[in-house]
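**Q** Here it is, the structure, as structure tokens.
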Amino acid sequence: MHKGIIQALAAAILFGISTPMAKALTGATSPLILAGLLYLGSGLGLATWRGLRRLSGKPADATPLLRQDFPWLAGAVLAGGILAPALLMWGLQFTQGSTASLLLNLEGVLTALLAWFVFHENFDRRIALGMLLIVTAGALLSWQQVPIFGVAWGVLAIIGACLFWAIDNNLTRKISASDASQIAMIKGLAAGITNLSLGIAIGGQLPTAGVIAAAGVLGLFGYGISLVLFVLALRNLGSARTAAYFSIAPFAGAALALPLLGETPGALFWPATVLMGIGVWLHFSERHEHSHTHEPMQHAHRHTHDEHHQHPHDFPWDGHEAHTHEHVHAPITHSHHHFPDMHHRHRH
């Protein structure tokens, strides 16, 4: 199995099971403070890991962020680190955890739509059909949550969170060749400090030490480590495909929400699950292969000397792989199965 798929699936499972766990914490504090604690746990945990790694003397295995990367990172932090989690925490107060978990599949759909029509990533009818099934399933779940009178504000808030995460995903793809743990750490610290400060400023109170600790640990795994894996998958699969594989996250969350929260799914829950399952399978079974040309490119990332990396070194090299350095790609035309990763962002 392609390593990018494994990274995306692992990221999905970690994030998916964090949703019903976060739902269990929503009554302990305000949505903004809870979102801040989750992201702060992510940022502080990754900062600690990076600090211990540096103290151990281990060499860096990834390219740090460059100055030109920070505008993309700032947009990603605002959309996915501040606005999206605040909307999600607010929406979880009014929506069943299992339903909210499945609604998060819309993040993948919106990510793909932005990737296709704004960032011009390629797609075919099979992928489009899969996304259509996921949208239909999300619509069923939304209809199930509409009250007799009024608007399903919880559902709308979760959909809004999905939109902002979709923007975040496509912006992060632009810098995915850089150090994934550094990206996730900065996003966690910036989003955590901002949400926590806003939550306290509008009158929110910090929860008990136990809740703070639980939110921190949950944030490290469900947001921090998950995000590191997600960035690596973006690097290897592109935005739309990563989002497609990430679509299993709501299934993991829903499977945990039912026993953890003691919820009883509504009549439309299982048909929606079947539709989402078929949509995800269509993505899993996709195969994209054709003759394509690689344009000259210069960048830096961790790599081995495969068919895409045949270059000389302007420094003494001991033959150890994988390694990280700036290198130039010469033009090459060939045909093989591929994803729109950092080396396959060509026209069709």
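Just remember, in the structure tokens the first chain shown is A, the second B, etc., residues are 1-based per chain, and ligands are 1-based in the order shown.
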Can you list, as a PyMOL selection string, all residues belonging to range 117-317 of chain A that DSSP tags as helix (DSSP H, G or I)?

**A** chain A and resi 117+125-145+153-173+180-201+209-237+239-246+249-261+269-284

**Q** Return as a tab-separated table the residues of range 149-243 of chain A lying at most 10 Å from range 86-98 of chain A, together with the closest atom-to-atom pair for each and the distance in Å to one decimal, counting only C-alpha atoms, with rows in chain order and ascending residue number.

**A**
residue	atom	partner	partner_atom	distance
A:Ala152	CA	A:Phe94	CA	8.4
A:Trp153	CA	A:Gly91	CA	7.1
A:Gly154	CA	A:Gly91	CA	4.0
A:Val155	CA	A:Gly91	CA	6.4
A:Leu156	CA	A:Gly91	CA	7.6
A:Ala157	CA	A:Gly91	CA	5.1
A:Ile158	CA	A:Leu88	CA	5.1
A:Ile159	CA	A:Leu88	CA	8.5
A:Gly160	CA	A:Leu87	CA	6.8
A:Ala161	CA	A:Leu87	CA	5.4
A:Cys162	CA	A:Leu88	CA	8.4
A:Phe164	CA	A:Leu87	CA	9.4
A:Ala191	CA	A:Ala86	CA	9.9
A:Asn195	CA	A:Ala86	CA	7.5
A:Gly199	CA	A:Ala86	CA	9.7

**Q** I want to know what sits within 12 Å of range 44-46 of chain A, based on only C-alpha atoms, with residues of the same chain fewer than 5 positions away left out; could you give that as a PDB file with N, CA, C and O atoms, in the first residue's frame?

**A**
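Full text of out-v7.pdb as output:
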ATOM      1  N   GLY A  36      -9.383  25.797  22.286  1.00  0.00           N
ATOM      2  CA  GLY A  36      -8.048  26.275  22.621  1.00  0.00           C
ATOM      3  C   GLY A  36      -7.226  25.235  23.346  1.00  0.00           C
ATOM      4  O   GLY A  36      -6.032  25.053  23.057  1.00  0.00           O
ATOM      5  N   LEU A  37      -7.827  24.519  24.295  1.00  0.00           N
ATOM      6  CA  LEU A  37      -7.103  23.495  25.045  1.00  0.00           C
ATOM      7  C   LEU A  37      -6.687  22.330  24.146  1.00  0.00           C
ATOM      8  O   LEU A  37      -5.587  21.783  24.289  1.00  0.00           O
ATOM      9  N   LEU A  38      -7.557  21.952  23.221  1.00  0.00           N
ATOM     10  CA  LEU A  38      -7.228  20.855  22.302  1.00  0.00           C
ATOM     11  C   LEU A  38      -6.021  21.222  21.436  1.00  0.00           C
ATOM     12  O   LEU A  38      -5.074  20.435  21.291  1.00  0.00           O
ATOM     13  N   TYR A  39      -6.054  22.406  20.851  1.00  0.00           N
ATOM     14  CA  TYR A  39      -4.952  22.807  19.976  1.00  0.00           C
ATOM     15  C   TYR A  39      -3.684  23.117  20.772  1.00  0.00           C
ATOM     16  O   TYR A  39      -2.569  22.865  20.307  1.00  0.00           O
ATOM     17  N   GLY A  51      11.749  19.368  20.894  1.00  0.00           N
ATOM     18  CA  GLY A  51      12.827  19.776  21.772  1.00  0.00           C
ATOM     19  C   GLY A  51      13.651  18.597  22.259  1.00  0.00           C
ATOM     20  O   GLY A  51      14.896  18.661  22.281  1.00  0.00           O
ATOM     21  N   LEU A  52      12.990  17.502  22.626  1.00  0.00           N
ATOM     22  CA  LEU A  52      13.707  16.308  23.070  1.00  0.00           C
ATOM     23  C   LEU A  52      14.528  15.715  21.932  1.00  0.00           C
ATOM     24  O   LEU A  52      15.657  15.241  22.153  1.00  0.00           O
ATOM     25  N   ARG A  53      13.979  15.756  20.735  1.00  0.00           N
ATOM     26  CA  ARG A  53      14.716  15.245  19.581  1.00  0.00           C
ATOM     27  C   ARG A  53      15.974  16.076  19.330  1.00  0.00           C
ATOM     28  O   ARG A  53      17.042  15.536  19.028  1.00  0.00           O
ATOM     29  N   ALA A 180       6.696  18.596   8.566  1.00  0.00           N
ATOM     30  CA  ALA A 180       5.302  18.415   8.955  1.00  0.00           C
ATOM     31  C   ALA A 180       5.083  18.673  10.438  1.00  0.00           C
ATOM     32  O   ALA A 180       4.076  19.255  10.837  1.00  0.00           O
ATOM     33  N   SER A 181       6.027  18.259  11.291  1.00  0.00           N
ATOM     34  CA  SER A 181       5.852  18.475  12.725  1.00  0.00           C
ATOM     35  C   SER A 181       5.964  19.953  13.072  1.00  0.00           C
ATOM     36  O   SER A 181       5.299  20.445  13.988  1.00  0.00           O
ATOM     37  N   GLN A 182       6.791  20.696  12.341  1.00  0.00           N
ATOM     38  CA  GLN A 182       6.901  22.142  12.574  1.00  0.00           C
ATOM     39  C   GLN A 182       5.604  22.839  12.177  1.00  0.00           C
ATOM     40  O   GLN A 182       5.114  23.721  12.894  1.00  0.00           O
ATOM     41  N   ILE A 183       5.032  22.439  11.043  1.00  0.00           N
ATOM     42  CA  ILE A 183       3.763  23.017  10.599  1.00  0.00           C
ATOM     43  C   ILE A 183       2.675  22.767  11.640  1.00  0.00           C
ATOM     44  O   ILE A 183       1.946  23.675  12.052  1.00  0.00           O
ATOM     45  N   ALA A 184       2.562  21.509  12.094  1.00  0.00           N
ATOM     46  CA  ALA A 184       1.522  21.159  13.056  1.00  0.00           C
ATOM     47  C   ALA A 184       1.744  21.846  14.400  1.00  0.00           C
ATOM     48  O   ALA A 184       0.788  22.265  15.058  1.00  0.00           O
ATOM     49  N   MET A 185       2.998  21.966  14.817  1.00  0.00           N
ATOM     50  CA  MET A 185       3.302  22.624  16.092  1.00  0.00           C
ATOM     51  C   MET A 185       2.887  24.095  16.056  1.00  0.00           C
ATOM     52  O   MET A 185       2.231  24.596  16.977  1.00  0.00           O
ATOM     53  N   ILE A 186       3.262  24.803  14.986  1.00  0.00           N
ATOM     54  CA  ILE A 186       2.929  26.227  14.877  1.00  0.00           C
ATOM     55  C   ILE A 186       1.414  26.414  14.825  1.00  0.00           C
ATOM     56  O   ILE A 186       0.859  27.305  15.493  1.00  0.00           O
ATOM     57  N   LYS A 187       0.737  25.576  14.059  1.00  0.00           N
ATOM     58  CA  LYS A 187      -0.717  25.687  13.974  1.00  0.00           C
ATOM     59  C   LYS A 187      -1.358  25.436  15.331  1.00  0.00           C
ATOM     60  O   LYS A 187      -2.294  26.134  15.734  1.00  0.00           O
ATOM     61  N   GLY A 188      -0.845  24.437  16.054  1.00  0.00           N
ATOM     62  CA  GLY A 188      -1.412  24.120  17.357  1.00  0.00           C
ATOM     63  C   GLY A 188      -1.215  25.232  18.361  1.00  0.00           C
ATOM     64  O   GLY A 188      -2.148  25.623  19.080  1.00  0.00           O
ATOM     65  N   LEU A 189       0.003  25.782  18.434  1.00  0.00           N
ATOM     66  CA  LEU A 189       0.287  26.848  19.390  1.00  0.00           C
ATOM     67  C   LEU A 189      -0.494  28.119  19.050  1.00  0.00           C
ATOM     68  O   LEU A 189      -1.104  28.747  19.934  1.00  0.00           O
ATOM     69  N   ALA A 190      -0.487  28.512  17.779  1.00  0.00           N
ATOM     70  CA  ALA A 190      -1.184  29.740  17.381  1.00  0.00           C
ATOM     71  C   ALA A 190      -2.686  29.619  17.599  1.00  0.00           C
ATOM     72  O   ALA A 190      -3.326  30.520  18.168  1.00  0.00           O
ATOM     73  N   ALA A 191      -3.257  28.498  17.154  1.00  0.00           N
ATOM     74  CA  ALA A 191      -4.697  28.310  17.304  1.00  0.00           C
ATOM     75  C   ALA A 191      -5.082  28.144  18.765  1.00  0.00           C
ATOM     76  O   ALA A 191      -6.115  28.662  19.215  1.00  0.00           O
ATOM     77  N   GLY A 192      -4.250  27.423  19.524  1.00  0.00           N
ATOM     78  CA  GLY A 192      -4.558  27.202  20.932  1.00  0.00           C
ATOM     79  C   GLY A 192      -4.553  28.486  21.738  1.00  0.00           C
ATOM     80  O   GLY A 192      -5.486  28.773  22.502  1.00  0.00           O
ATOM     81  N   ILE A 193      -3.506  29.282  21.574  1.00  0.00           N
ATOM     82  CA  ILE A 193      -3.398  30.542  22.321  1.00  0.00           C
ATOM     83  C   ILE A 193      -4.535  31.497  21.937  1.00  0.00           C
ATOM     84  O   ILE A 193      -5.162  32.133  22.798  1.00  0.00           O
ATOM     85  N   ALA A 213      -6.139  18.434  31.440  1.00  0.00           N
ATOM     86  CA  ALA A 213      -5.203  17.368  31.081  1.00  0.00           C
ATOM     87  C   ALA A 213      -5.785  16.456  30.013  1.00  0.00           C
ATOM     88  O   ALA A 213      -5.100  16.079  29.052  1.00  0.00           O
ATOM     89  N   ALA A 215      -8.106  17.177  27.785  1.00  0.00           N
ATOM     90  CA  ALA A 215      -8.161  17.905  26.514  1.00  0.00           C
ATOM     91  C   ALA A 215      -6.779  18.008  25.891  1.00  0.00           C
ATOM     92  O   ALA A 215      -6.630  17.905  24.667  1.00  0.00           O
ATOM     93  N   GLY A 216      -5.754  18.201  26.708  1.00  0.00           N
ATOM     94  CA  GLY A 216      -4.392  18.302  26.184  1.00  0.00           C
ATOM     95  C   GLY A 216      -3.928  17.006  25.536  1.00  0.00           C
ATOM     96  O   GLY A 216      -3.366  17.026  24.433  1.00  0.00           O
ATOM     97  N   VAL A 217      -4.168  15.883  26.208  1.00  0.00           N
ATOM     98  CA  VAL A 217      -3.775  14.582  25.650  1.00  0.00           C
ATOM     99  C   VAL A 217      -4.584  14.279  24.390  1.00  0.00           C
ATOM    100  O   VAL A 217      -4.043  13.829  23.374  1.00  0.00           O
ATOM    101  N   LEU A 218      -5.893  14.552  24.450  1.00  0.00           N
ATOM    102  CA  LEU A 218      -6.740  14.332  23.281  1.00  0.00           C
ATOM    103  C   LEU A 218      -6.283  15.196  22.115  1.00  0.00           C
ATOM    104  O   LEU A 218      -6.234  14.736  20.964  1.00  0.00           O
ATOM    105  N   GLY A 219      -5.919  16.445  22.401  1.00  0.00           N
ATOM    106  CA  GLY A 219      -5.453  17.339  21.347  1.00  0.00           C
ATOM    107  C   GLY A 219      -4.153  16.871  20.723  1.00  0.00           C
ATOM    108  O   GLY A 219      -3.971  16.966  19.505  1.00  0.00           O
ATOM    109  N   LEU A 220      -3.227  16.345  21.546  1.00  0.00           N
ATOM    110  CA  LEU A 220      -1.948  15.882  21.017  1.00  0.00           C
ATOM    111  C   LEU A 220      -2.144  14.777  19.990  1.00  0.00           C
ATOM    112  O   LEU A 220      -1.553  14.809  18.908  1.00  0.00           O
ATOM    113  N   PHE A 221      -2.995  13.809  20.321  1.00  0.00           N
ATOM    114  CA  PHE A 221      -3.190  12.681  19.410  1.00  0.00           C
ATOM    115  C   PHE A 221      -4.189  12.992  18.298  1.00  0.00           C
ATOM    116  O   PHE A 221      -3.936  12.725  17.127  1.00  0.00           O
ATOM    117  N   GLY A 222      -5.341  13.573  18.663  1.00  0.00           N
ATOM    118  CA  GLY A 222      -6.405  13.787  17.690  1.00  0.00           C
ATOM    119  C   GLY A 222      -6.177  14.949  16.766  1.00  0.00           C
ATOM    120  O   GLY A 222      -6.733  14.987  15.659  1.00  0.00           O
ATOM    121  N   TYR A 223      -5.370  15.927  17.185  1.00  0.00           N
ATOM    122  CA  TYR A 223      -5.110  17.108  16.373  1.00  0.00           C
ATOM    123  C   TYR A 223      -3.641  17.213  15.978  1.00  0.00           C
ATOM    124  O   TYR A 223      -3.328  17.528  14.834  1.00  0.00           O
ATOM    125  N   GLY A 224      -2.717  16.958  16.920  1.00  0.00           N
ATOM    126  CA  GLY A 224      -1.297  17.125  16.632  1.00  0.00           C
ATOM    127  C   GLY A 224      -0.707  16.024  15.772  1.00  0.00           C
ATOM    128  O   GLY A 224      -0.292  16.263  14.634  1.00  0.00           O
ATOM    129  N   ILE A 225      -0.653  14.809  16.318  1.00  0.00           N
ATOM    130  CA  ILE A 225      -0.073  13.689  15.565  1.00  0.00           C
ATOM    131  C   ILE A 225      -0.889  13.423  14.312  1.00  0.00           C
ATOM    132  O   ILE A 225      -0.344  13.121  13.242  1.00  0.00           O
ATOM    133  N   SER A 226      -2.201  13.540  14.421  1.00  0.00           N
ATOM    134  CA  SER A 226      -3.060  13.369  13.253  1.00  0.00           C
ATOM    135  C   SER A 226      -2.709  14.376  12.164  1.00  0.00           C
ATOM    136  O   SER A 226      -2.633  14.033  10.980  1.00  0.00           O
ATOM    137  N   LEU A 227      -2.457  15.625  12.556  1.00  0.00           N
ATOM    138  CA  LEU A 227      -2.135  16.660  11.571  1.00  0.00           C
ATOM    139  C   LEU A 227      -0.774  16.405  10.924  1.00  0.00           C
ATOM    140  O   LEU A 227      -0.606  16.633   9.723  1.00  0.00           O
ATOM    141  N   VAL A 228       0.201  15.949  11.700  1.00  0.00           N
ATOM    142  CA  VAL A 228       1.506  15.611  11.123  1.00  0.00           C
ATOM    143  C   VAL A 228       1.334  14.561  10.027  1.00  0.00           C
ATOM    144  O   VAL A 228       1.872  14.701   8.912  1.00  0.00           O
TER     145      VAL A 228
END

**Q** Do a neighbour search on Leu275 in chain A at 9 Å with only C-alpha atoms, toss out local chain neighbours closer than 5 positions, and write the hits as a VMD selection string.

**A** chain A and resid 130 133 to 134 136 to 137 270 280

**Q** Deliver the residues from the most recent selection as a file, using N, CA, C and O atoms, as a PDB file, in the first residue's frame.

**A**
ATOM      1  N   GLY A 130     -17.972   9.321  -6.176  1.00  0.00           N
ATOM      2  CA  GLY A 130     -17.761   9.042  -4.762  1.00  0.00           C
ATOM      3  C   GLY A 130     -18.096  10.246  -3.905  1.00  0.00           C
ATOM      4  O   GLY A 130     -18.744  10.134  -2.853  1.00  0.00           O
ATOM      5  N   LEU A 133     -21.892  10.743  -3.573  1.00  0.00           N
ATOM      6  CA  LEU A 133     -22.509   9.852  -2.594  1.00  0.00           C
ATOM      7  C   LEU A 133     -22.282  10.362  -1.171  1.00  0.00           C
ATOM      8  O   LEU A 133     -23.180  10.292  -0.327  1.00  0.00           O
ATOM      9  N   ILE A 134     -21.081  10.877  -0.912  1.00  0.00           N
ATOM     10  CA  ILE A 134     -20.792  11.397   0.416  1.00  0.00           C
ATOM     11  C   ILE A 134     -21.638  12.632   0.710  1.00  0.00           C
ATOM     12  O   ILE A 134     -22.159  12.811   1.816  1.00  0.00           O
ATOM     13  N   THR A 136     -24.594  13.269  -0.574  1.00  0.00           N
ATOM     14  CA  THR A 136     -25.962  12.791  -0.354  1.00  0.00           C
ATOM     15  C   THR A 136     -26.133  12.259   1.060  1.00  0.00           C
ATOM     16  O   THR A 136     -27.139  12.539   1.730  1.00  0.00           O
ATOM     17  N   ALA A 137     -25.148  11.513   1.528  1.00  0.00           N
ATOM     18  CA  ALA A 137     -25.207  10.988   2.897  1.00  0.00           C
ATOM     19  C   ALA A 137     -25.208  12.123   3.913  1.00  0.00           C
ATOM     20  O   ALA A 137     -25.968  12.096   4.898  1.00  0.00           O
ATOM     21  N   TRP A 270     -28.121   4.774   9.229  1.00  0.00           N
ATOM     22  CA  TRP A 270     -27.523   3.618   8.560  1.00  0.00           C
ATOM     23  C   TRP A 270     -27.529   3.748   7.039  1.00  0.00           C
ATOM     24  O   TRP A 270     -26.521   3.414   6.397  1.00  0.00           O
ATOM     25  N   VAL A 280     -16.506   6.213  -0.249  1.00  0.00           N
ATOM     26  CA  VAL A 280     -15.104   6.047   0.141  1.00  0.00           C
ATOM     27  C   VAL A 280     -14.459   4.907  -0.643  1.00  0.00           C
ATOM     28  O   VAL A 280     -13.302   4.998  -1.072  1.00  0.00           O
TER      29      VAL A 280
END

**Q** Taking into account only C-alpha atoms, which residue in the set A:Leu198, A:Leu104, A:Leu229, A:Leu140 is nearest to Gly266 in chain A?

**A**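 Going through A:Leu198, A:Leu104, A:Leu229, A:Leu140 one by one, the smallest distance to Gly266 in chain A is for A:Leu140.
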
**Q** Please report the interatomic distance between CA of Trp281 in chain A and CA of His120 in chain A in Å with one decimal.

**A**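 Pair CA of Trp281 in chain A / CA of His120 in chain A returns 23.4 Å.
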
**Q** Under the rule that only C-alpha atoms are counted, which of A:Ala322, A:Thr172, A:Leu196, A:Glu286 is the nearest residue to Phe230 in chain A?

**A**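 Looking at the shortest contact to Phe230 in chain A, the residue is A:Thr172.
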
**Q** Name the residues in contact with Gly279 in chain A at a cut-off of 12 Å, using only C-alpha atoms, excluding same-chain residues fewer than 2 positions from it; report them as a short mmCIF file (atom, residue, chain, number, x, y, z; two decimals) with N, CA and C atoms, in the first residue's frame.

**A**
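And here's around-v9.cif as it stands now:
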data_model
loop_
_atom_site.label_atom_id
_atom_site.label_comp_id
_atom_site.auth_asym_id
_atom_site.auth_seq_id
_atom_site.Cartn_x
_atom_site.Cartn_y
_atom_site.Cartn_z
N ASN A 105 -17.52 14.19 7.21
CA ASN A 105 -17.13 13.72 5.87
C ASN A 105 -17.21 14.85 4.85
N LEU A 106 -18.03 15.85 5.12
CA LEU A 106 -18.15 16.96 4.18
C LEU A 106 -16.84 17.73 4.05
N GLY A 108 -13.99 16.41 3.50
CA GLY A 108 -13.32 15.82 2.35
C GLY A 108 -13.93 16.29 1.04
N VAL A 109 -15.25 16.38 1.00
CA VAL A 109 -15.92 16.84 -0.21
C VAL A 109 -15.52 18.27 -0.54
N ARG A 126 -15.07 8.76 -11.54
CA ARG A 126 -15.17 7.85 -10.41
C ARG A 126 -15.05 8.61 -9.08
N ILE A 127 -14.06 9.52 -9.02
CA ILE A 127 -13.86 10.31 -7.81
C ILE A 127 -15.05 11.25 -7.60
N ALA A 128 -15.55 11.85 -8.68
CA ALA A 128 -16.69 12.76 -8.57
C ALA A 128 -17.93 12.02 -8.06
N LEU A 129 -18.15 10.78 -8.54
CA LEU A 129 -19.30 10.00 -8.08
C LEU A 129 -19.17 9.67 -6.60
N GLY A 130 -17.97 9.32 -6.18
CA GLY A 130 -17.76 9.04 -4.76
C GLY A 130 -18.10 10.25 -3.90
N MET A 131 -17.65 11.43 -4.33
CA MET A 131 -17.95 12.63 -3.58
C MET A 131 -19.45 12.93 -3.57
N LEU A 132 -20.15 12.65 -4.69
CA LEU A 132 -21.59 12.86 -4.75
C LEU A 132 -22.32 11.99 -3.72
N LEU A 133 -21.89 10.74 -3.57
CA LEU A 133 -22.51 9.85 -2.59
C LEU A 133 -22.28 10.36 -1.17
N ILE A 134 -21.08 10.88 -0.91
CA ILE A 134 -20.79 11.40 0.42
C ILE A 134 -21.64 12.63 0.71
N VAL A 135 -21.80 13.49 -0.30
CA VAL A 135 -22.65 14.68 -0.13
C VAL A 135 -24.09 14.27 0.16
N THR A 136 -24.59 13.27 -0.57
CA THR A 136 -25.96 12.79 -0.35
C THR A 136 -26.13 12.26 1.06
N ALA A 137 -25.15 11.51 1.53
CA ALA A 137 -25.21 10.99 2.90
C ALA A 137 -25.21 12.12 3.91
N GLY A 138 -24.39 13.12 3.68
CA GLY A 138 -24.36 14.27 4.58
C GLY A 138 -25.69 15.01 4.59
N ALA A 244 -10.09 12.24 0.50
CA ALA A 244 -10.91 11.06 0.25
C ALA A 244 -10.57 9.94 1.24
N TYR A 245 -9.30 9.65 1.40
CA TYR A 245 -8.91 8.62 2.37
C TYR A 245 -9.22 9.04 3.79
N SER A 247 -11.70 10.41 4.69
CA SER A 247 -13.15 10.29 4.90
C SER A 247 -13.54 9.15 5.82
N ILE A 248 -12.60 8.24 6.13
CA ILE A 248 -12.97 7.19 7.08
C ILE A 248 -13.01 7.72 8.52
N ALA A 272 -27.26 6.50 5.43
CA ALA A 272 -26.20 7.47 5.18
C ALA A 272 -24.83 6.81 5.31
N THR A 273 -24.69 5.91 6.27
CA THR A 273 -23.42 5.20 6.45
C THR A 273 -23.09 4.36 5.23
N VAL A 274 -24.10 3.67 4.68
CA VAL A 274 -23.88 2.84 3.49
C VAL A 274 -23.44 3.71 2.31
N LEU A 275 -24.12 4.83 2.10
CA LEU A 275 -23.75 5.72 0.99
C LEU A 275 -22.33 6.24 1.16
N MET A 276 -21.97 6.63 2.37
CA MET A 276 -20.62 7.12 2.61
C MET A 276 -19.59 6.02 2.39
N GLY A 277 -19.95 4.79 2.81
CA GLY A 277 -19.03 3.67 2.61
C GLY A 277 -18.76 3.40 1.14
N TRP A 281 -15.21 3.81 -0.86
CA TRP A 281 -14.66 2.67 -1.62
C TRP A 281 -14.29 3.09 -3.05
N LEU A 282 -15.12 3.93 -3.66
CA LEU A 282 -14.81 4.41 -5.01
C LEU A 282 -13.48 5.16 -5.03
N HIS A 283 -13.17 5.84 -3.96
CA HIS A 283 -11.89 6.54 -3.87
C HIS A 283 -10.75 5.56 -3.64
N PHE A 284 -10.99 4.58 -2.77
CA PHE A 284 -9.94 3.60 -2.49
C PHE A 284 -9.54 2.84 -3.75
N SER A 285 -10.49 2.55 -4.62
CA SER A 285 -10.24 1.68 -5.77
C SER A 285 -9.82 2.45 -7.02
N GLU A 286 -9.61 3.75 -6.90
CA GLU A 286 -9.20 4.55 -8.05
C GLU A 286 -7.77 4.21 -8.48
#
